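Undergrad: Quick one: the structure is below, questions incoming.
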Amino acid sequence: MLFVLWFKFEPENTHKVLELWKHFRYPSEIKLINRYLLIGRHTSLAIFEAPDEEALLKVTAPFSGLGIAHIVPAMPLDEAIHVKW
C-alpha cells in the first residue's frame, strides 16, 4: 500500500534530523518512491510503499525522539477518480 509520511520537527532538531536521514536505511520491505525536505517548514516528507503496520514502525521509530510523524495511506489521483462511491 502507498503511504505519505510527513515528519514535523522543532527547528533546534534540524541538524539531528538531517544527520539521521543521511544514514537511515529503509527496511527491505519498504519501497521508497522519494523523500523531500519542505524548505522553511521544518518538515521532511517521504512517499513509499509498505506491506504492513510493522514496516511503518520501522520507519518512524528512529525519529520518534526528534518530532512527530504523520502517516496516511494514499492513492494516485488517476486511480481515485475511477472509484465508485
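The way I read the labels, and the way they are meant: chains A, B, ... in the order of the C-alpha cells, residue 1 as the first residue of every chain, and ligand 1 as the first ligand shown, with later ones counted on from there.
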Mind checking DSSP for chain A and telling me the helix (DSSP H, G or I) residues as number ranges by chain?
TA: A: 11-23, 53-63, 77-80
Undergrad: Restricted to C-alpha atoms, what would the selected residues look like written as a PDB file, in the first residue's frame?
TA:
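Everything below was put into out-v8.pdb:
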ATOM      1  CA  PRO A  11      13.985  23.933  14.469  1.00  0.00           C
ATOM      2  CA  GLU A  12      16.599  23.047  17.091  1.00  0.00           C
ATOM      3  CA  ASN A  13      16.478  19.408  15.891  1.00  0.00           C
ATOM      4  CA  THR A  14      17.150  20.252  12.221  1.00  0.00           C
ATOM      5  CA  HIS A  15      20.797  19.163  12.262  1.00  0.00           C
ATOM      6  CA  LYS A  16      19.994  15.909  14.135  1.00  0.00           C
ATOM      7  CA  VAL A  17      17.176  15.046  11.730  1.00  0.00           C
ATOM      8  CA  LEU A  18      19.301  15.724   8.653  1.00  0.00           C
ATOM      9  CA  GLU A  19      22.155  13.620  10.052  1.00  0.00           C
ATOM     10  CA  LEU A  20      19.771  10.759  10.811  1.00  0.00           C
ATOM     11  CA  TRP A  21      18.320  10.955   7.281  1.00  0.00           C
ATOM     12  CA  LYS A  22      21.849  10.766   5.823  1.00  0.00           C
ATOM     13  CA  HIS A  23      22.467   7.417   7.493  1.00  0.00           C
ATOM     14  CA  GLU A  53       1.980  -1.610  10.230  1.00  0.00           C
ATOM     15  CA  GLU A  54       5.209  -3.189  11.453  1.00  0.00           C
ATOM     16  CA  ALA A  55       7.070  -1.717   8.487  1.00  0.00           C
ATOM     17  CA  LEU A  56       5.632   1.722   9.309  1.00  0.00           C
ATOM     18  CA  LEU A  57       7.010   1.492  12.834  1.00  0.00           C
ATOM     19  CA  LYS A  58      10.447   0.599  11.492  1.00  0.00           C
ATOM     20  CA  VAL A  59      10.427   3.844   9.517  1.00  0.00           C
ATOM     21  CA  THR A  60       9.136   6.143  12.265  1.00  0.00           C
ATOM     22  CA  ALA A  61      10.736   4.748  15.435  1.00  0.00           C
ATOM     23  CA  PRO A  62      14.301   6.042  14.839  1.00  0.00           C
ATOM     24  CA  PHE A  63      12.947   9.600  14.567  1.00  0.00           C
ATOM     25  CA  LEU A  77      -5.346  10.653  -8.350  1.00  0.00           C
ATOM     26  CA  ASP A  78      -5.738   8.910 -11.705  1.00  0.00           C
ATOM     27  CA  GLU A  79      -6.900   5.796  -9.840  1.00  0.00           C
ATOM     28  CA  ALA A  80      -9.012   7.658  -7.272  1.00  0.00           C
TER      29      ALA A  80
END
Undergrad: I want to know what sits within 12 Å of A:Leu38, based on only C-alpha atoms, with residues of the same chain fewer than 6 positions away left out; could you give that as a short mmCIF file (atom, residue, chain, number, x, y, z; two decimals) with N, CA and C atoms, in the first residue's frame?
TA:
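The result, stored in selection_3.cif:
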data_model
loop_
_atom_site.label_atom_id
_atom_site.label_comp_id
_atom_site.auth_asym_id
_atom_site.auth_seq_id
_atom_site.Cartn_x
_atom_site.Cartn_y
_atom_site.Cartn_z
N TRP A 6 4.81 12.59 6.65
CA TRP A 6 5.47 13.86 6.88
C TRP A 6 5.88 13.89 8.33
N PHE A 7 7.08 14.37 8.54
CA PHE A 7 7.69 14.37 9.86
C PHE A 7 8.00 15.81 10.24
N LYS A 8 7.30 16.30 11.25
CA LYS A 8 7.45 17.68 11.72
C LYS A 8 8.41 17.68 12.90
N PHE A 9 9.44 18.51 12.82
CA PHE A 9 10.42 18.57 13.90
C PHE A 9 10.67 20.02 14.30
N THR A 14 16.89 20.33 13.66
CA THR A 14 17.15 20.25 12.22
C THR A 14 18.42 19.48 11.91
N SER A 44 10.05 17.00 6.97
CA SER A 44 10.50 16.13 5.89
C SER A 44 9.30 15.31 5.43
N LEU A 45 9.36 14.85 4.20
CA LEU A 45 8.25 14.12 3.61
C LEU A 45 8.80 12.93 2.85
N ALA A 46 8.15 11.80 2.97
CA ALA A 46 8.55 10.61 2.22
C ALA A 46 7.31 9.96 1.64
#
Undergrad: Write out as a PyMOL selection string the set of residues from chain A that DSSP, computed on the backbone, places in strand (DSSP E).
TA: chain A and resi 2-9+31-38+43-49+67-73
Undergrad: Point out the residue among A:Val4, A:Leu37, A:Ala69, A:Ile30 with the least atom-to-atom distance to A:Ala50, counting only C-alpha atoms.
TA: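 Using only C-alpha atoms, the shortest distance to A:Ala50 belongs to A:Ile30.
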Undergrad: Could you work out how far atom CA of A:Val83 lies from atom CA of A:His70, giving the answer in Å with one decimal?
TA: 24.9 Å
Undergrad: Atom CA of A:Ile39 to atom CA of A:Pro27: how many Å, to one decimal?
TA: 26.2 Å
Undergrad: Just the number, please: distance in Å from atom CA of A:Ile81 to atom CA of A:Phe48, one decimal.
TA: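 Distance reported for this atom pair: 20.9 Å.
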